[in-house]
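Structure record follows, encoded as structure tokens.
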Amino acid sequence: MTVVIFDGPEAAGKTTLIDQLQRASDVPVARVRRWGPVDSWEAYIDPLNEDLATEGWVVWDRGWAAEVAYNDLLKRGRDVKEWNLHWQLEIPLMRAGGLMVMVLAPVAELAARRHLRLQRGDGHDDLPVDPHPERRRFLHYAQDHGWLIVHSDRPVSQAVETVKRVVKTRRSW
């Protein structure tokens, strides 16, 4: 079992990185969970426990870091306590050898990718937030909670190799 959670701002490159990871011949991806907004952070508990018991890799496209970031940025007013997330989700994940990956891109790159999505007609789901505070919020969350930070403005293959290396290291603890 290996659970890897990718999170980060809209258009940061999470799905691209996940797709490349799935294509890697030495990564047995059993399932990819693609999350959208949830009503409560507790919605992640049962799926995480299920995935921790799965053979192979389970990869999440988004997770609870987005709930924290967008709760703040969109002023949703939900009662999201970061310490709950840390103790009930992140600690069990790390103890099981899982990995939390924050995918970040420069603000100008985020803005350009979103603009391109809108031109192509596939950016209608992007959230109406300024990429400056959005990136900053995700970065601070990653730094505060021990997430691996990868930068999507670097080659995707480099990020995939970094994720694989860190997962391998964690399994040997």
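Convention: chains lettered A, B, ... in structure tokens order; per-chain residue numbering from 1; ligands numbered from 1 as shown.
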
Test item: residues at most 12 Å from Leu110 (chain A), only C-alpha atoms, excluding those fewer than 3 positions along its chain, as a list in words: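 Within the cut-off, the hits are Gly8, Pro9, Glu10, Ala11, Ala12, Gly13, Lys14, Val103, Leu104, Ala105, Pro106, Val107, Arg113, Arg114, His115, Leu116, Arg117, Asp126, Val129, Asp130, Pro131, His132, Pro133, Glu134, Arg135, His151, Ser152 and Asp153 of chain A.
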
Please produce an output containing N, CA, C and O atoms for each residue in the selection, written as a tab-separated table (two decimals), in the first residue's frame.
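Done, and the output landed in result-v4.tsv:
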chain	number	residue	atom	x	y	z
A	8	GLY	N	-2.78	21.31	-4.44
A	8	GLY	CA	-2.17	22.55	-4.88
A	8	GLY	C	-3.21	23.42	-5.57
A	8	GLY	O	-4.37	23.03	-5.72
A	9	PRO	N	-2.80	24.60	-5.98
A	9	PRO	CA	-3.72	25.53	-6.63
A	9	PRO	C	-4.30	24.99	-7.93
A	9	PRO	O	-3.75	24.07	-8.54
A	10	GLU	N	-5.40	25.60	-8.35
A	10	GLU	CA	-5.98	25.28	-9.66
A	10	GLU	C	-4.91	25.50	-10.73
A	10	GLU	O	-4.18	26.49	-10.70
A	11	ALA	N	-4.81	24.56	-11.67
A	11	ALA	CA	-3.91	24.65	-12.82
A	11	ALA	C	-2.43	24.57	-12.44
A	11	ALA	O	-1.57	24.99	-13.21
A	12	ALA	N	-2.13	24.01	-11.27
A	12	ALA	CA	-0.72	23.89	-10.86
A	12	ALA	C	0.00	22.75	-11.56
A	12	ALA	O	1.22	22.74	-11.62
A	13	GLY	N	-0.75	21.77	-12.07
A	13	GLY	CA	-0.13	20.65	-12.77
A	13	GLY	C	-0.30	19.31	-12.05
A	13	GLY	O	0.39	18.34	-12.37
A	14	LYS	N	-1.25	19.23	-11.12
A	14	LYS	CA	-1.48	18.00	-10.36
A	14	LYS	C	-1.87	16.84	-11.26
A	14	LYS	O	-1.27	15.77	-11.19
A	103	VAL	N	1.81	20.50	-5.14
A	103	VAL	CA	2.28	20.88	-6.48
A	103	VAL	C	2.08	22.38	-6.63
A	103	VAL	O	0.96	22.88	-6.51
A	104	LEU	N	3.17	23.07	-6.88
A	104	LEU	CA	3.11	24.53	-7.00
A	104	LEU	C	3.73	24.97	-8.32
A	104	LEU	O	4.63	24.32	-8.84
A	105	ALA	N	3.23	26.07	-8.83
A	105	ALA	CA	3.77	26.70	-10.03
A	105	ALA	C	3.89	28.20	-9.73
A	105	ALA	O	3.19	28.71	-8.84
A	106	PRO	N	4.75	28.90	-10.45
A	106	PRO	CA	4.81	30.35	-10.26
A	106	PRO	C	3.46	31.00	-10.57
A	106	PRO	O	2.69	30.49	-11.39
A	107	VAL	N	3.18	32.10	-9.91
A	107	VAL	CA	1.89	32.78	-10.07
A	107	VAL	C	1.61	33.11	-11.54
A	107	VAL	O	0.50	32.90	-12.03
A	113	ARG	N	-1.91	29.44	-17.41
A	113	ARG	CA	-2.59	28.15	-17.62
A	113	ARG	C	-4.11	28.30	-17.50
A	113	ARG	O	-4.86	27.69	-18.26
A	114	ARG	N	-4.55	29.11	-16.54
A	114	ARG	CA	-6.00	29.33	-16.40
A	114	ARG	C	-6.57	30.05	-17.61
A	114	ARG	O	-7.65	29.72	-18.08
A	115	HIS	N	-5.83	31.04	-18.08
A	115	HIS	CA	-6.27	31.77	-19.27
A	115	HIS	C	-6.38	30.82	-20.47
A	115	HIS	O	-7.37	30.87	-21.21
A	116	LEU	N	-5.39	29.95	-20.62
A	116	LEU	CA	-5.42	28.98	-21.72
A	116	LEU	C	-6.60	28.02	-21.57
A	116	LEU	O	-7.29	27.71	-22.55
A	117	ARG	N	-6.88	27.58	-20.36
A	117	ARG	CA	-8.04	26.70	-20.12
A	117	ARG	C	-9.33	27.39	-20.54
A	117	ARG	O	-10.20	26.78	-21.16
A	126	ASP	N	-12.61	26.20	-12.81
A	126	ASP	CA	-11.61	26.88	-12.00
A	126	ASP	C	-12.29	27.86	-11.05
A	126	ASP	O	-13.28	28.52	-11.40
A	129	VAL	N	-10.46	32.77	-7.76
A	129	VAL	CA	-9.54	33.29	-6.74
A	129	VAL	C	-8.30	33.86	-7.41
A	129	VAL	O	-7.90	33.43	-8.49
A	130	ASP	N	-7.71	34.83	-6.75
A	130	ASP	CA	-6.46	35.44	-7.21
A	130	ASP	C	-5.33	34.43	-6.98
A	130	ASP	O	-5.18	33.91	-5.87
A	131	PRO	N	-4.53	34.13	-8.01
A	131	PRO	CA	-3.48	33.13	-7.83
A	131	PRO	C	-2.38	33.51	-6.83
A	131	PRO	O	-1.71	32.63	-6.30
A	132	HIS	N	-2.21	34.79	-6.54
A	132	HIS	CA	-1.17	35.21	-5.57
A	132	HIS	C	-1.48	34.68	-4.17
A	132	HIS	O	-0.67	33.92	-3.61
A	133	PRO	N	-2.60	35.04	-3.57
A	133	PRO	CA	-2.88	34.50	-2.24
A	133	PRO	C	-3.17	33.00	-2.26
A	133	PRO	O	-2.90	32.29	-1.29
A	134	GLU	N	-3.69	32.50	-3.38
A	134	GLU	CA	-3.97	31.07	-3.49
A	134	GLU	C	-2.67	30.27	-3.37
A	134	GLU	O	-2.56	29.34	-2.56
A	135	ARG	N	-1.68	30.62	-4.16
A	135	ARG	CA	-0.40	29.91	-4.12
A	135	ARG	C	0.23	30.04	-2.73
A	135	ARG	O	0.75	29.07	-2.18
A	151	HIS	N	7.67	21.53	-7.81
A	151	HIS	CA	7.38	22.70	-8.64
A	151	HIS	C	7.10	22.24	-10.07
A	151	HIS	O	7.95	21.63	-10.71
A	152	SER	N	5.90	22.54	-10.55
A	152	SER	CA	5.49	22.05	-11.86
A	152	SER	C	6.08	22.85	-13.02
A	152	SER	O	5.84	22.51	-14.17
A	153	ASP	N	6.87	23.88	-12.72
A	153	ASP	CA	7.54	24.58	-13.81
A	153	ASP	C	8.86	23.90	-14.16
A	153	ASP	O	9.55	24.30	-15.07

DSSP on the backbone: what in region 5-148 of chain A comes out strand (DSSP E or B), as a VMD selection string? chain A and resid 5 to 7 29 to 34 57 to 61 99 to 104 148

Between CA of Lys164 (chain A) and CA of Asn49 (chain A), what distance in Å does the model show, to one decimal? 21.6 Å

Picked from region 46-169 of chain A by DSSP as alpha helix (DSSP H), as a PyMOL selection string: chain A and resi 46-52+64-73+82-85+91-95+107-120+131-145+156-169

Distance query Arg78 (chain A) at most 10 Å, only C-alpha atoms, self and fewer than 4 positions along chain excluded, as a list in words: Asp39, Ser40, Trp41, Glu67, Val68, Asn71 and Asp72 of chain A

Tell me which protein, DNA and RNA residues are within 10 Å of Val156 (chain A), counting only C-alpha atoms, leaving out same-chain ones fewer than 5 positions away, and put them as a ChimeraX atom specification. /A:13,16-18,20-21,150-151,161-162

Using only C-alpha atoms, the best pick from A:Gln88, A:Gln143, A:Gln119, A:Gln158 as closest to Leu48 (chain A) would be A:Gln88

Taking into account only C-alpha atoms, which residue in the set A:Val163, A:Leu52, A:Val80, A:Met100 is nearest to His145 (chain A)?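 Of A:Val163, A:Leu52, A:Val80, A:Met100, the one nearest His145 (chain A), counting only C-alpha atoms, is A:Met100.
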
So, counting only C-alpha atoms, which residue among A:Pro92, A:Gly121, A:Gly77, A:Gly98 is closest to Trp57 (chain A)?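 Of the candidates, the smallest distance to Trp57 (chain A) is held by A:Gly98.
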